[in-house]
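> Quick one, input.cif (mmCIF, C-alpha atoms and all ligand atoms):
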```cif
data_input
loop_
_atom_site.group_PDB
_atom_site.id
_atom_site.type_symbol
_atom_site.label_atom_id
_atom_site.label_comp_id
_atom_site.auth_asym_id
_atom_site.auth_seq_id
_atom_site.Cartn_x
_atom_site.Cartn_y
_atom_site.Cartn_z
ATOM 1 C CA MET A 30 16.272 4.927 -20.145
ATOM 2 C CA THR A 31 14.148 3.702 -17.267
ATOM 3 C CA LYS A 32 10.896 1.943 -18.104
ATOM 4 C CA ALA A 33 7.894 3.849 -16.700
ATOM 5 C CA ILE A 34 6.036 2.338 -13.736
ATOM 6 C CA LYS A 35 2.534 1.562 -14.988
ATOM 7 C CA LYS A 36 1.521 -1.457 -12.909
ATOM 8 C CA ALA A 37 1.056 -1.955 -9.198
ATOM 9 C CA VAL A 38 0.363 -4.896 -6.894
ATOM 10 C CA LEU A 39 -1.845 -4.537 -3.822
ATOM 11 C CA PRO A 40 -1.672 -7.587 -1.554
ATOM 12 C CA VAL A 41 -5.094 -7.796 0.116
ATOM 13 C CA ALA A 42 -5.296 -11.433 1.186
ATOM 14 C CA GLY A 43 -4.660 -10.934 4.929
ATOM 15 C CA LEU A 44 -7.300 -12.161 7.395
ATOM 16 C CA GLY A 45 -7.362 -9.026 9.552
ATOM 17 C CA THR A 46 -7.597 -10.988 12.802
ATOM 18 C CA ARG A 47 -6.616 -7.904 14.802
ATOM 19 C CA PHE A 48 -9.949 -6.313 13.878
ATOM 20 C CA LEU A 49 -12.284 -9.182 14.737
ATOM 21 C CA PRO A 50 -15.239 -9.229 14.928
ATOM 22 C CA ALA A 51 -15.394 -6.308 12.442
ATOM 23 C CA THR A 52 -13.491 -8.345 9.859
ATOM 24 C CA LYS A 53 -15.496 -11.561 10.197
ATOM 25 C CA ALA A 54 -17.497 -10.829 7.034
ATOM 26 C CA VAL A 55 -15.916 -7.532 5.877
ATOM 27 C CA PRO A 56 -12.308 -7.495 4.603
ATOM 28 C CA LYS A 57 -10.038 -5.255 6.679
ATOM 29 C CA GLU A 58 -9.225 -3.269 3.543
ATOM 30 C CA MET A 59 -12.894 -2.232 3.386
ATOM 31 C CA LEU A 60 -12.974 -0.666 6.866
ATOM 32 C CA THR A 61 -13.657 3.028 6.416
ATOM 33 C CA ILE A 62 -11.514 6.066 7.019
ATOM 34 C CA VAL A 63 -14.150 8.841 7.261
ATOM 35 C CA ASP A 64 -16.263 7.820 4.240
ATOM 36 C CA ALA A 65 -14.077 5.668 2.009
ATOM 37 C CA PRO A 66 -12.527 2.242 2.548
ATOM 38 C CA VAL A 67 -8.808 2.172 3.380
ATOM 39 C CA VAL A 68 -8.033 0.462 0.068
ATOM 40 C CA GLN A 69 -9.605 3.359 -1.856
ATOM 41 C CA TYR A 70 -7.010 5.800 -0.501
ATOM 42 C CA VAL A 71 -4.224 3.480 -1.612
ATOM 43 C CA VAL A 72 -5.695 2.991 -5.095
ATOM 44 C CA ASP A 73 -6.038 6.798 -5.397
ATOM 45 C CA GLU A 74 -2.366 7.181 -4.395
ATOM 46 C CA ALA A 75 -1.337 4.638 -7.051
ATOM 47 C CA ARG A 76 -3.398 6.235 -9.829
ATOM 48 C CA ALA A 77 -2.103 9.721 -8.916
ATOM 49 C CA ALA A 78 1.442 8.368 -9.417
ATOM 50 C CA GLY A 79 0.648 7.247 -12.969
ATOM 51 C CA ILE A 80 -0.307 3.619 -12.298
ATOM 52 C CA GLU A 81 -2.537 2.320 -15.095
ATOM 53 C CA HIS A 82 -3.171 -1.267 -13.984
ATOM 54 C CA ILE A 83 -3.657 -2.596 -10.462
ATOM 55 C CA VAL A 84 -3.296 -6.247 -9.538
ATOM 56 C CA PHE A 85 -5.075 -7.197 -6.327
ATOM 57 C CA VAL A 86 -3.778 -10.363 -4.695
ATOM 58 C CA THR A 87 -6.838 -11.473 -2.786
ATOM 59 C CA GLY A 88 -8.095 -14.417 -0.773
ATOM 60 C CA ARG A 89 -11.398 -15.968 0.189
ATOM 61 C CA ASN A 90 -14.102 -13.522 1.362
ATOM 62 C CA LYS A 91 -12.516 -10.568 -0.436
ATOM 63 C CA HIS A 92 -14.977 -10.287 -3.347
ATOM 64 C CA VAL A 93 -16.442 -6.998 -2.076
ATOM 65 C CA ILE A 94 -13.126 -5.337 -2.937
ATOM 66 C CA GLU A 95 -13.747 -6.348 -6.553
ATOM 67 C CA ASP A 96 -17.335 -5.054 -6.329
ATOM 68 C CA HIS A 97 -16.134 -1.784 -4.848
ATOM 69 C CA PHE A 98 -13.967 -1.018 -7.881
ATOM 70 C CA ASP A 99 -16.646 -2.056 -10.399
ATOM 71 C CA ILE A 100 -19.657 -0.112 -11.668
ATOM 72 C CA ALA A 101 -22.578 -0.469 -9.238
ATOM 73 C CA TYR A 102 -25.070 -0.464 -12.097
ATOM 74 C CA GLU A 103 -28.362 -0.365 -10.171
ATOM 75 C CA LEU A 104 -27.094 2.178 -7.657
ATOM 76 C CA GLU A 105 -25.717 4.449 -10.346
ATOM 77 C CA GLU A 106 -28.871 4.203 -12.482
ATOM 78 C CA THR A 107 -30.959 5.093 -9.434
ATOM 79 C CA LEU A 108 -28.709 8.053 -8.661
ATOM 80 C CA ARG A 109 -29.027 9.182 -12.281
ATOM 81 C CA GLY A 110 -32.827 8.873 -12.085
ATOM 82 C CA ARG A 111 -32.756 11.134 -9.021
ATOM 83 C CA ASP A 112 -30.307 13.547 -10.658
ATOM 84 C CA LYS A 113 -27.702 13.098 -7.891
ATOM 85 C CA GLN A 114 -24.917 14.593 -10.002
ATOM 86 C CA GLU A 115 -22.415 15.013 -7.186
ATOM 87 C CA ALA A 116 -22.638 11.387 -6.054
ATOM 88 C CA ILE A 117 -22.413 10.137 -9.652
ATOM 89 C CA ALA A 118 -19.322 12.271 -10.299
ATOM 90 C CA LEU A 119 -17.707 10.968 -7.112
ATOM 91 C CA LEU A 120 -18.288 7.324 -8.063
ATOM 92 C CA ASP A 121 -16.933 8.002 -11.567
ATOM 93 C CA LYS A 122 -13.805 9.638 -10.172
ATOM 94 C CA ILE A 123 -12.793 6.860 -7.788
ATOM 95 C CA ARG A 124 -13.363 3.950 -10.183
ATOM 96 C CA PRO A 125 -10.441 2.572 -12.192
ATOM 97 C CA GLY A 126 -11.430 2.127 -15.859
ATOM 98 C CA ALA A 127 -12.700 -1.112 -17.393
ATOM 99 C CA GLY A 128 -9.893 -3.623 -17.860
ATOM 100 C CA THR A 129 -7.427 -1.783 -15.612
ATOM 101 C CA THR A 130 -7.751 -4.053 -12.575
ATOM 102 C CA SER A 131 -6.889 -7.732 -12.133
ATOM 103 C CA PHE A 132 -7.653 -10.055 -9.263
ATOM 104 C CA THR A 133 -5.745 -13.207 -8.414
ATOM 105 C CA ARG A 134 -5.828 -15.306 -5.257
ATOM 106 C CA GLN A 135 -2.957 -16.130 -2.968
ATOM 107 C CA GLN A 136 -4.619 -19.448 -2.012
ATOM 108 C CA ALA A 137 -2.430 -20.045 1.059
ATOM 109 C CA PRO A 138 -1.135 -17.531 3.665
ATOM 110 C CA LEU A 139 2.589 -18.099 3.062
ATOM 111 C CA GLY A 140 3.773 -14.519 3.535
ATOM 112 C CA LEU A 141 4.123 -11.180 1.745
ATOM 113 C CA GLY A 142 6.818 -12.492 -0.607
ATOM 114 C CA HIS A 143 4.524 -15.288 -1.725
ATOM 115 C CA ALA A 144 1.599 -12.867 -2.197
ATOM 116 C CA ILE A 145 3.688 -10.695 -4.522
ATOM 117 C CA TRP A 146 4.943 -13.756 -6.436
ATOM 118 C CA CYS A 147 1.296 -14.660 -7.142
ATOM 119 C CA ALA A 148 1.083 -11.541 -9.356
ATOM 120 C CA ARG A 149 4.038 -12.565 -11.583
ATOM 121 C CA ASP A 150 2.070 -13.671 -14.668
ATOM 122 C CA ILE A 151 -0.105 -10.556 -14.683
ATOM 123 C CA ILE A 152 2.797 -8.137 -14.141
ATOM 124 C CA GLY A 153 5.059 -9.850 -16.696
ATOM 125 C CA ARG A 154 8.607 -8.536 -17.207
ATOM 126 C CA ASP A 155 8.004 -4.881 -16.358
ATOM 127 C CA PRO A 156 9.143 -2.909 -13.314
ATOM 128 C CA PHE A 157 6.186 -2.397 -10.987
ATOM 129 C CA ALA A 158 5.067 -0.854 -7.722
ATOM 130 C CA ILE A 159 3.830 -2.531 -4.547
ATOM 131 C CA LEU A 160 1.549 -0.721 -2.114
ATOM 132 C CA LEU A 161 0.662 -2.372 1.190
ATOM 133 C CA PRO A 162 -2.908 -1.220 1.815
ATOM 134 C CA ASP A 163 -2.558 -1.363 5.621
ATOM 135 C CA MET A 164 -0.263 1.627 5.388
ATOM 136 C CA LEU A 165 -2.074 4.866 4.734
ATOM 137 C CA MET A 166 0.252 7.632 3.576
ATOM 138 C CA LYS A 167 -1.028 11.156 4.025
ATOM 139 C CA ALA A 168 0.809 13.838 2.056
ATOM 140 C CA GLN A 169 0.263 16.644 -0.461
ATOM 141 C CA LYS A 170 2.278 14.685 -3.004
ATOM 142 C CA GLY A 171 1.553 10.966 -2.588
ATOM 143 C CA CYS A 172 4.252 8.598 -1.381
ATOM 144 C CA LEU A 173 4.403 6.644 -4.640
ATOM 145 C CA SER A 174 4.630 9.922 -6.615
ATOM 146 C CA GLN A 175 7.621 10.935 -4.465
ATOM 147 C CA MET A 176 9.224 7.573 -5.217
ATOM 148 C CA VAL A 177 8.559 7.762 -8.971
ATOM 149 C CA GLU A 178 10.597 10.991 -9.039
ATOM 150 C CA ALA A 179 13.568 9.185 -7.464
ATOM 151 C CA TYR A 180 13.037 6.239 -9.822
ATOM 152 C CA ASN A 181 13.121 8.546 -12.858
ATOM 153 C CA THR A 182 16.528 9.817 -11.696
ATOM 154 C CA HIS A 183 18.132 6.592 -10.471
ATOM 155 C CA GLY A 184 16.211 3.708 -12.093
ATOM 156 C CA GLY A 185 16.657 0.306 -10.460
ATOM 157 C CA ASN A 186 14.633 -0.393 -7.329
ATOM 158 C CA VAL A 187 13.229 2.241 -4.968
ATOM 159 C CA ILE A 188 11.918 1.779 -1.440
ATOM 160 C CA SER A 189 10.175 4.268 0.816
ATOM 161 C CA VAL A 190 11.380 4.455 4.422
ATOM 162 C CA GLN A 191 10.729 6.502 7.535
ATOM 163 C CA GLU A 192 12.198 6.791 11.001
ATOM 164 C CA VAL A 193 10.796 4.562 13.705
ATOM 165 C CA PRO A 194 11.603 4.596 17.436
ATOM 166 C CA GLU A 195 14.424 2.196 18.336
ATOM 167 C CA ASP A 196 12.164 -0.030 20.458
ATOM 168 C CA GLN A 197 9.845 -0.704 17.490
ATOM 169 C CA THR A 198 12.385 -1.736 14.848
ATOM 170 C CA HIS A 199 11.646 -5.439 15.486
ATOM 171 C CA ASN A 200 8.152 -4.977 13.997
ATOM 172 C CA TYR A 201 9.334 -3.952 10.520
ATOM 173 C CA GLY A 202 11.793 -4.401 7.697
ATOM 174 C CA ILE A 203 14.798 -2.160 8.485
ATOM 175 C CA ILE A 204 17.295 -0.849 5.943
ATOM 176 C CA GLU A 205 20.957 0.114 6.068
ATOM 177 C CA ARG A 206 21.611 3.417 4.310
ATOM 178 C CA GLY A 207 24.526 4.742 2.244
ATOM 179 C CA ALA A 208 25.459 8.419 1.648
ATOM 180 C CA ILE A 209 22.568 10.839 1.002
ATOM 181 C CA ALA A 210 22.466 12.329 -2.552
ATOM 182 C CA ALA A 211 21.506 15.878 -3.574
ATOM 183 C CA ASP A 212 17.864 14.888 -4.230
ATOM 184 C CA GLY A 213 17.600 13.459 -0.697
ATOM 185 C CA SER A 214 17.621 9.826 -1.841
ATOM 186 C CA PHE A 215 20.336 7.368 -0.834
ATOM 187 C CA PRO A 216 21.600 3.935 -1.820
ATOM 188 C CA ILE A 217 20.356 1.087 0.350
ATOM 189 C CA THR A 218 23.236 -1.185 1.301
ATOM 190 C CA GLY A 219 21.397 -3.818 3.327
ATOM 191 C CA MET A 220 18.080 -4.750 4.882
ATOM 192 C CA VAL A 221 16.698 -7.166 7.424
ATOM 193 C CA GLU A 222 13.143 -8.283 8.183
ATOM 194 C CA LYS A 223 12.058 -7.837 11.801
ATOM 195 C CA PRO A 224 15.532 -7.722 13.414
ATOM 196 C CA ALA A 225 15.832 -8.868 17.032
ATOM 197 C CA GLN A 226 15.799 -6.023 19.575
ATOM 198 C CA GLY A 227 19.083 -4.127 19.600
ATOM 199 C CA THR A 228 20.360 -5.531 16.273
ATOM 200 C CA ALA A 229 18.697 -3.195 13.726
ATOM 201 C CA PRO A 230 21.161 -1.654 11.231
ATOM 202 C CA SER A 231 19.354 1.755 11.479
ATOM 203 C CA ASN A 232 16.092 3.308 12.631
ATOM 204 C CA LEU A 233 14.714 3.511 9.075
ATOM 205 C CA TYR A 234 11.821 1.132 8.464
ATOM 206 C CA ILE A 235 10.263 0.036 5.182
ATOM 207 C CA ASN A 236 6.841 1.670 5.286
ATOM 208 C CA GLY A 237 5.003 -0.314 2.629
ATOM 209 C CA ARG A 238 5.774 1.232 -0.772
ATOM 210 C CA TYR A 239 8.175 -0.329 -3.266
ATOM 211 C CA ILE A 240 9.228 0.032 -6.905
ATOM 212 C CA LEU A 241 10.859 -3.211 -8.005
ATOM 213 C CA GLN A 242 12.339 -4.790 -11.110
ATOM 214 C CA PRO A 243 10.705 -8.006 -12.368
ATOM 215 C CA GLU A 244 13.771 -10.129 -11.475
ATOM 216 C CA ILE A 245 12.316 -10.108 -7.949
ATOM 217 C CA PHE A 246 9.834 -12.757 -9.144
ATOM 218 C CA ASP A 247 12.666 -15.141 -10.110
ATOM 219 C CA LEU A 248 14.079 -14.839 -6.596
ATOM 220 C CA LEU A 249 10.691 -15.193 -4.901
ATOM 221 C CA GLN A 250 10.112 -18.406 -6.848
ATOM 222 C CA THR A 251 12.716 -20.210 -4.741
ATOM 223 C CA GLN A 252 12.723 -18.003 -1.634
ATOM 224 C CA ALA A 253 12.839 -20.027 1.587
ATOM 225 C CA ALA A 254 10.699 -19.049 4.579
ATOM 226 C CA GLY A 255 12.278 -16.373 6.765
ATOM 227 C CA ALA A 256 11.111 -14.320 9.771
ATOM 228 C CA GLY A 257 7.911 -15.700 11.296
ATOM 229 C CA GLY A 258 8.148 -18.808 9.070
ATOM 230 C CA GLU A 259 6.854 -16.749 6.104
ATOM 231 C CA ILE A 260 8.276 -16.128 2.629
ATOM 232 C CA GLN A 261 9.558 -12.587 3.071
ATOM 233 C CA LEU A 262 9.788 -9.946 0.353
ATOM 234 C CA THR A 263 12.661 -8.344 2.293
ATOM 235 C CA ASP A 264 14.791 -11.513 1.965
ATOM 236 C CA ALA A 265 14.272 -11.636 -1.814
ATOM 237 C CA MET A 266 15.082 -7.900 -2.092
ATOM 238 C CA LEU A 267 18.312 -8.436 -0.173
ATOM 239 C CA GLN A 268 19.295 -11.041 -2.765
ATOM 240 C CA LEU A 269 18.284 -8.796 -5.676
ATOM 241 C CA MET A 270 20.480 -6.097 -4.145
ATOM 242 C CA GLN A 271 23.566 -8.220 -4.900
ATOM 243 C CA GLY A 272 23.096 -7.462 -8.620
ATOM 244 C CA GLN A 273 20.871 -4.367 -8.841
ATOM 245 C CA PRO A 274 20.865 -0.898 -7.272
ATOM 246 C CA PHE A 275 18.347 -0.033 -4.547
ATOM 247 C CA HIS A 276 17.578 3.544 -3.563
ATOM 248 C CA GLY A 277 15.742 4.733 -0.497
ATOM 249 C CA VAL A 278 13.404 7.713 -0.305
ATOM 250 C CA GLU A 279 12.461 9.127 3.072
ATOM 251 C CA PHE A 280 8.715 9.723 2.725
ATOM 252 C CA LYS A 281 7.678 13.321 3.381
ATOM 253 C CA GLY A 282 4.288 12.930 5.016
ATOM 254 C CA GLN A 283 2.442 11.073 7.707
ATOM 255 C CA THR A 284 2.025 7.297 7.781
ATOM 256 C CA PHE A 285 -0.836 5.571 9.580
ATOM 257 C CA ASP A 286 -0.501 1.851 10.180
ATOM 258 C CA CYS A 287 -4.152 0.919 9.704
ATOM 259 C CA GLY A 288 -3.320 -2.696 10.526
ATOM 260 C CA SER A 289 -3.353 -1.575 14.173
ATOM 261 C CA LYS A 290 -6.398 -0.211 15.990
ATOM 262 C CA ALA A 291 -4.557 2.886 17.215
ATOM 263 C CA GLY A 292 -3.237 3.698 13.735
ATOM 264 C CA PHE A 293 -6.652 3.129 12.171
ATOM 265 C CA LEU A 294 -8.390 5.414 14.673
ATOM 266 C CA ALA A 295 -5.679 8.075 14.355
ATOM 267 C CA ALA A 296 -6.115 8.020 10.560
ATOM 268 C CA ASN A 297 -9.855 8.563 10.956
ATOM 269 C CA ILE A 298 -9.280 11.563 13.195
ATOM 270 C CA ALA A 299 -6.557 13.047 10.974
ATOM 271 C CA TYR A 300 -8.636 12.758 7.794
ATOM 272 C CA ALA A 301 -11.790 14.009 9.548
ATOM 273 C CA LEU A 302 -9.951 17.098 10.778
ATOM 274 C CA GLU A 303 -8.882 17.794 7.212
ATOM 275 C CA ASP A 304 -12.419 17.498 5.854
ATOM 276 C CA GLU A 305 -13.947 21.002 5.740
ATOM 277 C CA THR A 306 -17.483 19.720 6.228
ATOM 278 C CA LEU A 307 -16.510 17.711 9.331
ATOM 279 C CA ALA A 308 -13.661 19.540 11.049
ATOM 280 C CA GLY A 309 -15.905 22.190 12.638
ATOM 281 C CA GLU A 310 -18.033 19.534 14.334
ATOM 282 C CA ILE A 311 -15.212 17.150 15.209
ATOM 283 C CA ARG A 312 -12.826 19.615 16.849
ATOM 284 C CA PRO A 313 -15.057 20.547 19.838
ATOM 285 C CA LEU A 314 -16.146 16.921 20.220
ATOM 286 C CA LEU A 315 -12.535 15.803 20.420
ATOM 287 C CA SER A 316 -11.564 18.405 22.998
ATOM 288 C CA GLN A 317 -14.617 17.435 25.100
ATOM 289 C CA LEU A 318 -13.566 13.771 25.001
ATOM 290 C CA VAL A 319 -9.922 14.437 25.798
HETATM 291 C C1 LIG B 401 5.581 -5.974 5.997
HETATM 292 C C2 LIG B 401 7.023 -6.044 5.492
HETATM 293 C C3 LIG B 401 7.931 -5.158 6.347
HETATM 294 C C4 LIG B 401 7.389 -3.740 6.370
HETATM 295 C C5 LIG B 401 5.927 -3.750 6.850
HETATM 296 C C6 LIG B 401 5.301 -2.371 6.749
HETATM 297 O O1 LIG B 401 5.533 -6.588 7.262
HETATM 298 O O2 LIG B 401 7.458 -7.386 5.506
HETATM 299 O O3 LIG B 401 9.231 -5.162 5.831
HETATM 300 O O4 LIG B 401 8.184 -2.937 7.215
HETATM 301 O O5 LIG B 401 5.126 -4.641 6.059
HETATM 302 O O6 LIG B 401 4.029 -2.397 7.299
HETATM 303 P P1 LIG B 401 4.129 -7.049 7.950
HETATM 304 O O7 LIG B 401 3.466 -5.786 8.423
HETATM 305 O O8 LIG B 401 3.344 -7.732 6.876
HETATM 306 O O9 LIG B 401 4.507 -7.949 9.071
#
```
Take the structure in this file and express it as structure tokens.
Ligand code: G1P

Amino acid sequence: MTKAIKKAVLPVAGLGTRFLPATKAVPKEMLTIVDAPVVQYVVDEARAAGIEHIVFVTGRNKHVIEDHFDIAYELEETLRGRDKQEAIALLDKIRPGAGTTSFTRQQAPLGLGHAIWCARDIIGRDPFAILLPDMLMKAQKGCLSQMVEAYNTHGGNVISVQEVPEDQTHNYGIIERGAIAADGSFPITGMVEKPAQGTAPSNLYINGRYILQPEIFDLLQTQAAGAGGEIQLTDAMLQLMQGQPFHGVEFKGQTFDCGSKAGFLAANIAYALEDETLAGEIRPLLSQLV
């Protein structure tokens, strides 16, 4: 019997230097895609997959993320006074319930592996999900929901991957894949963080969604710095793989890397075109511009 995935970690401590000056006072996770902050889409994806508790690993200047997922008492009272039912319902829908979020600080920027390790006490000894909020995954069935299906069949650890052009493999974690099973998933037989050009074991990159067993924390505890001088989650996963199964799921959907300006802008356009109230206005504007 596999233990259900009820908890997720969202590492949100990054400085967002690529978006300066926008991110001088506003966390990058709060930049908006159409009318909601990036992090909202990722929290929605997690909750849709059955996640009941979200641990945010934050840093200095990130308190507005905490405010965003809290009740905005004065605002909501004012909306109620004005009978703005639609707005009230929207705010109710997107807010995780009381006691279902936790916030802890990374304190020092030592890498993704270190950020995840900072959540160890709150997660405890349960399997859990990780969602990197830079990566926006657009699909009918959310990426984490697709992975939970594979997890329910195979147990162990599950990682979402997608194809990436050969000349970009050095920007990501890249996996080595075994034989593809009937449900489309496959065992992962190796992985490497940001391989040097021409050395990647495949063109399948880790796109920012993971289901991991708690033993990962024991490995992260002593994990030495890897690529870029940072404590890498990929290195700890490679070690965990020596004793536990890892399965890959090729995500069926579109991924936007909102950590890059081009990806962020593309996500805005894609979501705007899908919004019935906006698409009619946006389409002619876009064709005029292009
Ligand atoms: C991290 C992971 C990498 C993954 C990537 C996805 O890298 O370490 O394995 O492919 O996220 O965005 P980062 O983007 O933090 O350098």
> Hey, what comes out of the PyMOL selection byres (((not hetatm)) within 6 of (chain B and resi 401)) on this file? Could you write it as an MDAnalysis selection string?
chainID A and resid 201:202 222 234:237 263
> Once the PyMOL selection byres (((chain A and resi 272) around 12) and not hetatm) is applied to the coordinates I shared, what remains selected? I want it as a PyMOL selection string.
chain A and resi 185-186+218+242+244-245+248+265-271+273-275
> Write out as a VMD selection string each polymer residue whose atoms come within 7 Å of segment 140-146 of chain A, counting all atoms listed in the file; drop sequence neighbours fewer than 4 positions from it.
chain A and resid 40 86 135 246 249 to 250 259 to 262
> With distances taken over all atoms listed in the file, which residue among A:Phe157, A:Tyr239, A:Tyr102, A:Phe48 lies nearest Val190 of chain A?
A:Tyr239
> From the set A:His97, A:Lys53, A:Lys35, A:Lys167, which residue has the shortest atom-to-atom contact distance to Asp286 of chain A, counting all atoms listed in the file?
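Comparing A:His97, A:Lys53, A:Lys35, A:Lys167 against Asp286 of chain A, the winner is A:Lys167.
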> What does the distance from atom CA of Val193 of chain A to atom CA of Ala158 of chain A come to in Å, to one decimal?
22.8 Å
> Can you pull out every residue within 12 Å of Lys57 of chain A, counting all atoms listed in the file, but drop anything in the same chain fewer than 6 positions away, and send it as a ChimeraX atom specification?
/A:40-51,66-68,87-88,90-91,93-94,162-163,287-290,293
> Name the residues that the PyMOL selection byres (((chain A and resi 38) around 7) and not hetatm) picks from the file above, as a short mmCIF file (atom, residue, chain, number, x, y, z; two decimals) with C-alpha atoms, keeping the file's coordinate frame, using the file's chain letters and numbers.

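Contents of the output file selection.cif:
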```
data_model
loop_
_atom_site.label_atom_id
_atom_site.label_comp_id
_atom_site.auth_asym_id
_atom_site.auth_seq_id
_atom_site.Cartn_x
_atom_site.Cartn_y
_atom_site.Cartn_z
CA ALA A 37 1.06 -1.96 -9.20
CA LEU A 39 -1.84 -4.54 -3.82
CA PRO A 40 -1.67 -7.59 -1.55
CA ILE A 83 -3.66 -2.60 -10.46
CA VAL A 84 -3.30 -6.25 -9.54
CA PHE A 85 -5.08 -7.20 -6.33
CA ALA A 158 5.07 -0.85 -7.72
CA ILE A 159 3.83 -2.53 -4.55
CA LEU A 160 1.55 -0.72 -2.11
#
```
> In Å, rounded to a single decimal, give me how far atom CA of Lys36 of chain A is from atom CA of Ser189 of chain A.
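Between atom CA of Ser189 of chain A and atom CA of Lys36 of chain A the gap works out to 17.2 Å.
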> Quote the spacing between atom CA of Tyr300 of chain A and atom CA of Thr52 of chain A in Å to one decimal place.
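One can read the atom CA of Tyr300 of chain A to atom CA of Thr52 of chain A distance as 21.8 Å.
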> Return the single residue from A:Gly110, A:Glu195, A:Gln317, A:Ala168 that is closest to Glu303 of chain A, with distances computed using all atoms listed in the file.
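Distance minimum relative to Glu303 of chain A lands on A:Ala168.
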> Within 12 Å of (4.4, 11.3, 7.7), all atoms listed in the file: residues as a list in words?
Met164, Leu165, Met166, Lys167, Ala168, Gln169, Lys170, Gly171, Cys172, Ser189, Val190, Gln191, Glu192, Val193, Asn236, Glu279, Phe280, Lys281, Gly282, Gln283, Thr284, Phe285, Asp286, Ala296 and Ala299 of chain A
> Within 10 Å of Gln69 of chain A, counting only C-alpha atoms, which residues show up once you throw out same-chain ones fewer than 6 positions away? Write them as a list in words, please.
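Answer for this query is Glu58, Met59, Thr61, Ile62, Ala75, Ile94, His97, Phe98, Ile123, Arg124 and Pro162 of chain A.
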> Return the single residue from A:Ile100, A:Thr107, A:Arg76, A:Gln136 that is closest to Leu120 of chain A, with distances computed using all atoms listed in the file.
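Of all the options, A:Ile100 lies closest to Leu120 of chain A.
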> What's the 9 Å shell around Gly219 of chain A, counting all atoms listed in the file, without same-chain residues fewer than 4 positions away, as a PyMOL selection string?
chain A and resi 203-206+230+267+270
> How big is the axis-aligned box, and where does its centre sit, when it encloses all atoms of segment 196-214 of chain A listed in the file and has 3 Å added on every side, reported in Å to one decimal as lines of an AutoDock Vina configuration file?

```
center_x = 16.8
center_y = 5.2
center_z = 8.1
size_x = 23.3
size_y = 27.3
size_z = 30.7
```
> Atoms are missing here; could segment 126-137 of chain A be completed with N, CA and C atoms and written as a PDB file, in the frame of the given file?

```pdb
ATOM      1  N   GLY A 126     -10.710   2.434 -14.623  1.00  0.00           N
ATOM      2  CA  GLY A 126     -11.430   2.127 -15.859  1.00  0.00           C
ATOM      3  C   GLY A 126     -11.579   0.626 -16.107  1.00  0.00           C
ATOM      4  N   ALA A 127     -12.480   0.295 -17.038  1.00  0.00           N
ATOM      5  CA  ALA A 127     -12.700  -1.112 -17.393  1.00  0.00           C
ATOM      6  C   ALA A 127     -11.391  -1.734 -17.876  1.00  0.00           C
ATOM      7  N   GLY A 128     -11.096  -2.917 -17.397  1.00  0.00           N
ATOM      8  CA  GLY A 128      -9.893  -3.623 -17.860  1.00  0.00           C
ATOM      9  C   GLY A 128      -8.599  -3.168 -17.221  1.00  0.00           C
ATOM     10  N   THR A 129      -8.673  -2.278 -16.221  1.00  0.00           N
ATOM     11  CA  THR A 129      -7.427  -1.783 -15.612  1.00  0.00           C
ATOM     12  C   THR A 129      -7.189  -2.364 -14.215  1.00  0.00           C
ATOM     13  N   THR A 130      -7.988  -3.352 -13.841  1.00  0.00           N
ATOM     14  CA  THR A 130      -7.751  -4.053 -12.575  1.00  0.00           C
ATOM     15  C   THR A 130      -7.708  -5.557 -12.857  1.00  0.00           C
ATOM     16  N   SER A 131      -6.912  -6.266 -12.067  1.00  0.00           N
ATOM     17  CA  SER A 131      -6.889  -7.732 -12.133  1.00  0.00           C
ATOM     18  C   SER A 131      -6.947  -8.273 -10.719  1.00  0.00           C
ATOM     19  N   PHE A 132      -7.527  -9.436 -10.579  1.00  0.00           N
ATOM     20  CA  PHE A 132      -7.653 -10.055  -9.263  1.00  0.00           C
ATOM     21  C   PHE A 132      -7.144 -11.488  -9.355  1.00  0.00           C
ATOM     22  N   THR A 133      -6.216 -11.826  -8.468  1.00  0.00           N
ATOM     23  CA  THR A 133      -5.745 -13.207  -8.414  1.00  0.00           C
ATOM     24  C   THR A 133      -5.672 -13.603  -6.948  1.00  0.00           C
ATOM     25  N   ARG A 134      -5.784 -14.882  -6.663  1.00  0.00           N
ATOM     26  CA  ARG A 134      -5.828 -15.306  -5.257  1.00  0.00           C
ATOM     27  C   ARG A 134      -4.504 -15.892  -4.786  1.00  0.00           C
ATOM     28  N   GLN A 135      -4.196 -15.598  -3.547  1.00  0.00           N
ATOM     29  CA  GLN A 135      -2.957 -16.130  -2.968  1.00  0.00           C
ATOM     30  C   GLN A 135      -3.104 -17.606  -2.593  1.00  0.00           C
ATOM     31  N   GLN A 136      -4.297 -18.044  -2.341  1.00  0.00           N
ATOM     32  CA  GLN A 136      -4.619 -19.448  -2.012  1.00  0.00           C
ATOM     33  C   GLN A 136      -4.153 -19.912  -0.635  1.00  0.00           C
ATOM     34  N   ALA A 137      -2.908 -19.619  -0.272  1.00  0.00           N
ATOM     35  CA  ALA A 137      -2.430 -20.045   1.059  1.00  0.00           C
ATOM     36  C   ALA A 137      -1.643 -18.899   1.691  1.00  0.00           C
TER      37      ALA A 137
END
```
